[in-house]
file structure-v1.cif (mmCIF, C-alpha atoms)
data_target
loop_
_atom_site.label_atom_id
_atom_site.label_comp_id
_atom_site.auth_asym_id
_atom_site.auth_seq_id
_atom_site.Cartn_x
_atom_site.Cartn_y
_atom_site.Cartn_z
CA MET A 1 112.95 164.08 80.02
CA LEU A 2 115.74 161.63 79.17
CA ILE A 3 114.21 158.71 81.09
CA ASN A 4 111.05 158.98 78.98
CA GLN A 5 113.04 158.88 75.76
CA ILE A 6 115.03 155.88 76.94
CA LEU A 7 111.90 154.01 78.04
CA LEU A 8 110.12 154.90 74.80
CA ALA A 9 113.08 153.65 72.77
CA ILE A 10 113.08 150.37 74.71
CA ALA A 11 109.30 150.03 74.36
CA ILE A 12 109.38 150.74 70.63
CA LEU A 13 112.28 148.39 69.94
CA THR A 14 110.85 145.49 71.94
CA THR A 15 107.28 146.02 70.74
CA GLY A 16 108.69 146.27 67.22
CA VAL A 17 110.21 142.79 67.48
CA VAL A 18 106.87 141.26 68.47
CA TYR A 19 105.01 143.46 65.97
CA GLY A 20 107.27 142.41 63.10
CA THR A 21 106.97 138.76 64.03
CA ASP A 22 103.17 138.80 64.19
CA VAL A 23 102.68 140.95 61.10
CA PHE A 24 104.99 138.66 59.14
CA HIS A 25 102.97 135.67 60.28
CA ALA A 26 99.70 137.41 59.41
CA ILE A 27 100.71 138.42 55.89
CA VAL A 28 103.19 135.72 54.85
CA VAL A 29 103.35 132.62 57.03
CA LYS A 30 99.56 132.17 57.26
CA LYS A 31 99.31 131.81 53.47
CA ALA A 32 102.49 129.74 53.16
CA VAL A 33 101.22 127.30 55.78
CA SER A 34 97.91 126.91 53.94
CA LEU A 35 99.90 125.70 50.91
CA SER A 36 102.08 123.30 52.93
CA SER A 37 101.71 119.62 53.70
CA ASP A 38 100.47 118.51 57.11
CA SER A 39 103.87 117.08 58.03
CA ALA A 40 105.63 120.30 57.00
CA ILE A 41 103.22 122.36 59.13
CA ALA A 42 103.72 120.09 62.12
CA ASP A 43 107.50 120.09 61.83
CA LEU A 44 108.25 123.71 60.96
CA MET A 45 105.54 125.44 62.98
CA GLY A 46 106.07 123.12 65.93
CA HIS A 47 109.78 123.93 66.04
CA THR A 48 109.08 127.64 65.40
CA HIS A 49 106.71 127.77 68.37
CA LEU A 50 109.15 125.81 70.52
CA ILE A 51 111.94 128.31 69.90
CA ALA A 52 109.74 131.42 69.92
CA ASP A 53 108.10 130.48 73.21
CA LYS A 54 111.55 130.33 74.79
CA ARG A 55 112.98 133.52 73.28
CA MET A 56 110.05 135.94 72.87
CA PRO A 57 108.71 136.22 76.46
CA LEU A 58 111.61 138.39 77.65
CA ILE A 59 111.11 140.74 74.71
CA GLY A 60 107.35 140.94 75.28
CA ALA A 61 107.77 141.44 79.03
CA THR A 62 110.27 144.24 78.44
CA SER A 63 107.76 145.92 76.12
CA LEU A 64 105.01 145.67 78.73
CA VAL A 65 107.17 146.85 81.63
CA SER A 66 108.65 149.79 79.75
CA SER A 67 105.18 150.89 78.59
CA LEU A 68 103.87 150.55 82.14
CA LEU A 69 106.77 152.60 83.53
CA ILE A 70 106.18 155.36 80.98
CA THR A 71 102.50 155.46 81.92
CA VAL A 72 103.17 155.56 85.67
CA LEU A 73 106.02 158.08 85.49
CA ASN A 74 103.99 160.43 83.32
CA TYR A 75 100.63 160.13 85.02
CA ASN A 76 98.14 162.79 83.95
CA SER A 77 99.92 163.77 80.72
CA ALA A 78 99.51 163.20 76.99
CA LEU A 79 102.44 160.79 77.09
CA ALA A 80 100.63 158.70 79.70
CA ILE A 81 97.62 158.49 77.40
CA TYR A 82 99.71 157.24 74.48
CA SER A 83 101.70 154.78 76.57
CA GLY A 84 98.49 153.70 78.30
CA VAL A 85 96.88 152.93 74.94
CA ALA A 86 99.98 150.95 74.02
CA LEU A 87 99.86 149.12 77.33
CA ILE A 88 96.19 148.18 76.88
CA ALA A 89 96.91 146.95 73.35
CA LEU A 90 99.91 144.93 74.57
CA ILE A 91 97.93 143.37 77.42
CA SER A 92 95.08 142.53 75.03
CA HIS A 93 97.60 140.92 72.67
CA LEU A 94 99.04 138.91 75.56
CA ILE A 95 95.59 137.69 76.64
CA ILE A 96 94.82 136.46 73.11
CA TYR A 97 98.23 134.81 72.94
CA LEU A 98 97.83 133.06 76.30
CA ARG A 99 94.24 131.93 75.71
CA VAL A 100 94.45 130.85 72.07
CA ALA A 101 97.96 130.66 70.63
CA LYS A 102 100.01 129.37 73.58
CA PRO A 103 98.02 126.13 74.11
CA ILE A 104 98.32 125.41 70.39
CA ASN A 105 102.03 126.22 70.48
CA VAL A 106 102.51 123.68 73.29
CA GLN A 107 100.69 120.96 71.33
CA MET A 108 102.54 121.67 68.10
CA SER A 109 105.92 121.90 69.85
CA ALA A 110 105.39 118.55 71.58
CA ALA A 111 104.44 116.94 68.28
CA ALA A 112 107.52 118.37 66.55
CA MET A 113 109.79 117.13 69.33
CA ALA A 114 108.21 113.67 69.04
CA GLN A 115 108.50 113.88 65.24
CA LYS A 116 104.76 113.28 64.88
CA THR A 117 102.08 114.93 62.80
CA PRO A 118 98.89 115.41 64.81
CA ALA A 119 95.76 114.25 62.97
CA ASP A 120 94.23 117.67 63.68
CA ILE A 121 97.26 119.73 62.61
CA ARG A 122 95.27 121.76 60.07
CA SER A 123 92.55 122.63 62.59
CA LEU A 124 95.21 123.58 65.15
CA GLN A 125 96.90 125.83 62.61
CA LEU A 126 93.57 127.33 61.49
CA ARG A 127 92.71 128.13 65.12
CA TRP A 128 96.14 129.75 65.59
CA ASP A 129 95.72 131.66 62.33
CA SER A 130 92.24 132.85 63.37
CA VAL A 131 93.74 135.27 65.90
CA ILE A 132 96.99 136.36 64.26
CA SER A 133 95.42 139.29 62.39
CA TYR A 134 93.88 140.57 65.65
CA ARG A 135 97.22 140.22 67.39
CA ALA A 136 98.96 142.10 64.56
CA LEU A 137 96.31 144.84 64.69
CA LEU A 138 96.75 145.25 68.45
CA LEU A 139 100.50 145.51 67.98
CA THR A 140 100.00 148.09 65.23
CA ILE A 141 97.96 150.14 67.69
CA ALA A 142 100.68 149.75 70.33
CA MET A 143 103.40 150.80 67.89
CA GLY A 144 101.38 153.80 66.71
CA ALA A 145 100.73 154.90 70.27
CA LEU A 146 104.39 154.57 71.28
CA ILE A 147 105.54 156.43 68.19
CA SER A 148 102.99 159.16 68.99
CA GLY A 149 104.55 159.27 72.45
CA ILE A 150 107.94 159.99 70.89
CA LEU A 151 106.40 162.79 68.85
CA VAL A 152 104.80 164.29 71.99
CA THR A 153 108.08 164.21 73.91
CA SER A 154 110.11 165.66 71.03
CA GLY A 155 107.91 168.75 71.02
CA LYS A 156 108.95 169.64 74.56
#
call {"tool": "encode", "arguments": {"input": "structure-v1.cif", "output": "structure tokens"}}
result
Amino acid sequence: MLINQILLAIAILTTGVVYGTDVFHAIVVKKAVSLSSDSAIADLMGHTHLIADKRMPLIGATSLVSSLLITVLNYNSALAIYSGVALIALISHLIIYLRVAKPINVQMSAAAMAQKTPADIRSLQLRWDSVISYRALLLTIAMGALISGILVTSGK
């Protein structure tokens, strides 16, 4: 069904943006930050979070909505199972983001805007880093499930 393929393409593309961002942070930025000065962490990561928190929500919401639509429109099918797994992974990722990363992002963004280095910048970054691998893993699951959904629909 064409609508399924369109929704899957949208879900994969938007999930892929978030997936790539988080995986990059998990395997590259986390280590680079550990080697950086406190002021560099505060400035760069604060501005990164400031910009990302403005631009990424629409992409993430599109990923969630498209995955939800696939699940609802294909209720009681293999495609619904794959998109449902993706949806659960995406919601789990969002919960971790909202509970752990977002409050840290707000603090670091405010510090960057004020051109200040919080005394606890390393502990803030370590707390943020403590969940990035879980977030990347959840997004890997979501991507795998959505790609499996494409494979299921191409066999029809």
call {"tool": "closest_residue", "arguments": {"input": "structure-v1.cif", "among": "A:Ser34, A:Leu138, A:Lys116, A:Leu146", "to": "Ser66 in chain A", "atoms": "all atoms listed in the file"}}
result
A:Leu146
call {"tool": "residues_around", "arguments": {"input": "structure-v1.cif", "residues": "Lys54 in chain A", "least_positions_apart": "4", "cutoff": "12 Å", "atoms": "only C-alpha atoms", "output": "JSON list (two decimals) with C-alpha atoms, keeping the file's coordinate frame"}}
result
[["chain", "number", "residue", "atom", "x", "y", "z"],
["A", 47, "HIS", "CA", 109.78, 123.93, 66.04],
["A", 48, "THR", "CA", 109.08, 127.64, 65.40],
["A", 49, "HIS", "CA", 106.71, 127.77, 68.37],
["A", 50, "LEU", "CA", 109.15, 125.81, 70.52],
["A", 58, "LEU", "CA", 111.61, 138.39, 77.65],
["A", 59, "ILE", "CA", 111.11, 140.74, 74.71],
["A", 60, "GLY", "CA", 107.35, 140.94, 75.28],
["A", 102, "LYS", "CA", 100.01, 129.37, 73.58],
["A", 105, "ASN", "CA", 102.03, 126.22, 70.48],
["A", 106, "VAL", "CA", 102.51, 123.68, 73.29],
["A", 109, "SER", "CA", 105.92, 121.90, 69.85]]
call {"tool": "atom_distance", "arguments": {"input": "structure-v1.cif", "atom1": "CA of Val17 in chain A", "atom2": "CA of Ala89 in chain A"}}
result
15.1 Å
call {"tool": "closest_residue", "arguments": {"input": "structure-v1.cif", "among": "A:Asp120, A:Gly16, A:Tyr82, A:Ala40", "to": "Ile150 in chain A", "atoms": "all atoms listed in the file"}}
result
A:Tyr82
call {"tool": "resolve_selection", "arguments": {"input": "structure-v1.cif", "expression": "the PyMOL selection byres ((chain A and resi 30) around 10)", "output": "ChimeraX atom specification"}}
result
/A:24-29,31-35,125-126,128-130,132-133
call {"tool": "residues_around", "arguments": {"input": "structure-v1.cif", "residues": "Gln115 in chain A", "least_positions_apart": "5", "cutoff": "12 Å", "atoms": "only C-alpha atoms", "output": "JSON, numbers by chain"}}
result
{"A": [39, 40, 41, 42, 43, 44, 46, 47, 108, 109, 110]}
call {"tool": "residues_around", "arguments": {"input": "structure-v1.cif", "residues": "Val72 in chain A", "least_positions_apart": "6", "cutoff": "12 Å", "atoms": "all atoms listed in the file", "output": "VMD selection string"}}
result
chain A and resid 4 7 65 to 66 79 to 84 87
call {"tool": "atom_distance", "arguments": {"input": "structure-v1.cif", "atom1": "CA of Gly149 in chain A", "atom2": "CA of Ser67 in chain A"}}
result
10.4 Å
call {"tool": "atom_distance", "arguments": {"input": "structure-v1.cif", "atom1": "CA of Val85 in chain A", "atom2": "CA of Met56 in chain A"}}
result
21.6 Å
call {"tool": "closest_residue", "arguments": {"input": "structure-v1.cif", "among": "A:Leu98, A:Leu73, A:Met45, A:Leu64", "to": "Val131 in chain A", "atoms": "all atoms listed in the file"}}
result
A:Leu98
call {"tool": "resolve_selection", "arguments": {"input": "structure-v1.cif", "expression": "the PyMOL selection byres ((chain A and resi 93) around 10)", "output": "PyMOL selection string"}}
result
chain A and resi 87-92+94-98+131-132+134-139+142
call {"tool": "build_atoms", "arguments": {"input": "structure-v1.cif", "residues": "range 102-120 of chain A", "atoms": "N, CA and C atoms", "output": "PDB file, keeping the file's coordinate frame"}}
result
ATOM      1  N   LYS A 102      99.076 130.121  72.724  1.00  0.00           N
ATOM      2  CA  LYS A 102     100.010 129.370  73.580  1.00  0.00           C
ATOM      3  C   LYS A 102      99.630 127.893  73.719  1.00  0.00           C
ATOM      4  N   PRO A 103      98.363 127.572  74.020  1.00  0.00           N
ATOM      5  CA  PRO A 103      98.020 126.130  74.110  1.00  0.00           C
ATOM      6  C   PRO A 103      98.280 125.377  72.799  1.00  0.00           C
ATOM      7  N   ILE A 104      98.044 126.030  71.688  1.00  0.00           N
ATOM      8  CA  ILE A 104      98.320 125.410  70.390  1.00  0.00           C
ATOM      9  C   ILE A 104      99.822 125.260  70.201  1.00  0.00           C
ATOM     10  N   ASN A 105     100.579 126.290  70.575  1.00  0.00           N
ATOM     11  CA  ASN A 105     102.030 126.220  70.480  1.00  0.00           C
ATOM     12  C   ASN A 105     102.573 125.022  71.249  1.00  0.00           C
ATOM     13  N   VAL A 106     102.051 124.796  72.445  1.00  0.00           N
ATOM     14  CA  VAL A 106     102.510 123.680  73.290  1.00  0.00           C
ATOM     15  C   VAL A 106     102.237 122.352  72.585  1.00  0.00           C
ATOM     16  N   GLN A 107     101.036 122.204  72.035  1.00  0.00           N
ATOM     17  CA  GLN A 107     100.690 120.960  71.330  1.00  0.00           C
ATOM     18  C   GLN A 107     101.582 120.752  70.107  1.00  0.00           C
ATOM     19  N   MET A 108     101.755 121.804  69.324  1.00  0.00           N
ATOM     20  CA  MET A 108     102.540 121.670  68.100  1.00  0.00           C
ATOM     21  C   MET A 108     104.024 121.449  68.410  1.00  0.00           C
ATOM     22  N   SER A 109     104.522 122.088  69.458  1.00  0.00           N
ATOM     23  CA  SER A 109     105.920 121.900  69.850  1.00  0.00           C
ATOM     24  C   SER A 109     106.165 120.464  70.305  1.00  0.00           C
ATOM     25  N   ALA A 110     105.255 119.935  71.105  1.00  0.00           N
ATOM     26  CA  ALA A 110     105.390 118.550  71.580  1.00  0.00           C
ATOM     27  C   ALA A 110     105.381 117.575  70.407  1.00  0.00           C
ATOM     28  N   ALA A 111     104.505 117.820  69.454  1.00  0.00           N
ATOM     29  CA  ALA A 111     104.440 116.940  68.280  1.00  0.00           C
ATOM     30  C   ALA A 111     105.735 117.014  67.474  1.00  0.00           C
ATOM     31  N   ALA A 112     106.263 118.221  67.307  1.00  0.00           N
ATOM     32  CA  ALA A 112     107.520 118.370  66.550  1.00  0.00           C
ATOM     33  C   ALA A 112     108.665 117.666  67.263  1.00  0.00           C
ATOM     34  N   MET A 113     108.714 117.801  68.567  1.00  0.00           N
ATOM     35  CA  MET A 113     109.790 117.130  69.330  1.00  0.00           C
ATOM     36  C   MET A 113     109.671 115.611  69.230  1.00  0.00           C
ATOM     37  N   ALA A 114     108.440 115.114  69.155  1.00  0.00           N
ATOM     38  CA  ALA A 114     108.210 113.670  69.040  1.00  0.00           C
ATOM     39  C   ALA A 114     108.251 113.209  67.578  1.00  0.00           C
ATOM     40  N   GLN A 115     108.485 114.159  66.674  1.00  0.00           N
ATOM     41  CA  GLN A 115     108.500 113.880  65.240  1.00  0.00           C
ATOM     42  C   GLN A 115     107.210 113.211  64.768  1.00  0.00           C
ATOM     43  N   LYS A 116     106.083 113.797  65.240  1.00  0.00           N
ATOM     44  CA  LYS A 116     104.760 113.280  64.880  1.00  0.00           C
ATOM     45  C   LYS A 116     103.945 114.386  64.232  1.00  0.00           C
ATOM     46  N   THR A 117     103.016 113.997  63.411  1.00  0.00           N
ATOM     47  CA  THR A 117     102.080 114.930  62.800  1.00  0.00           C
ATOM     48  C   THR A 117     100.705 114.675  63.407  1.00  0.00           C
ATOM     49  N   PRO A 118     100.222 115.608  64.229  1.00  0.00           N
ATOM     50  CA  PRO A 118      98.890 115.410  64.810  1.00  0.00           C
ATOM     51  C   PRO A 118      97.829 115.290  63.720  1.00  0.00           C
ATOM     52  N   ALA A 119      96.844 114.443  63.947  1.00  0.00           N
ATOM     53  CA  ALA A 119      95.760 114.250  62.970  1.00  0.00           C
ATOM     54  C   ALA A 119      94.998 115.553  62.751  1.00  0.00           C
ATOM     55  N   ASP A 120      94.970 116.412  63.764  1.00  0.00           N
ATOM     56  CA  ASP A 120      94.230 117.670  63.680  1.00  0.00           C
ATOM     57  C   ASP A 120      95.133 118.884  63.431  1.00  0.00           C
TER      58      ASP A 120
END
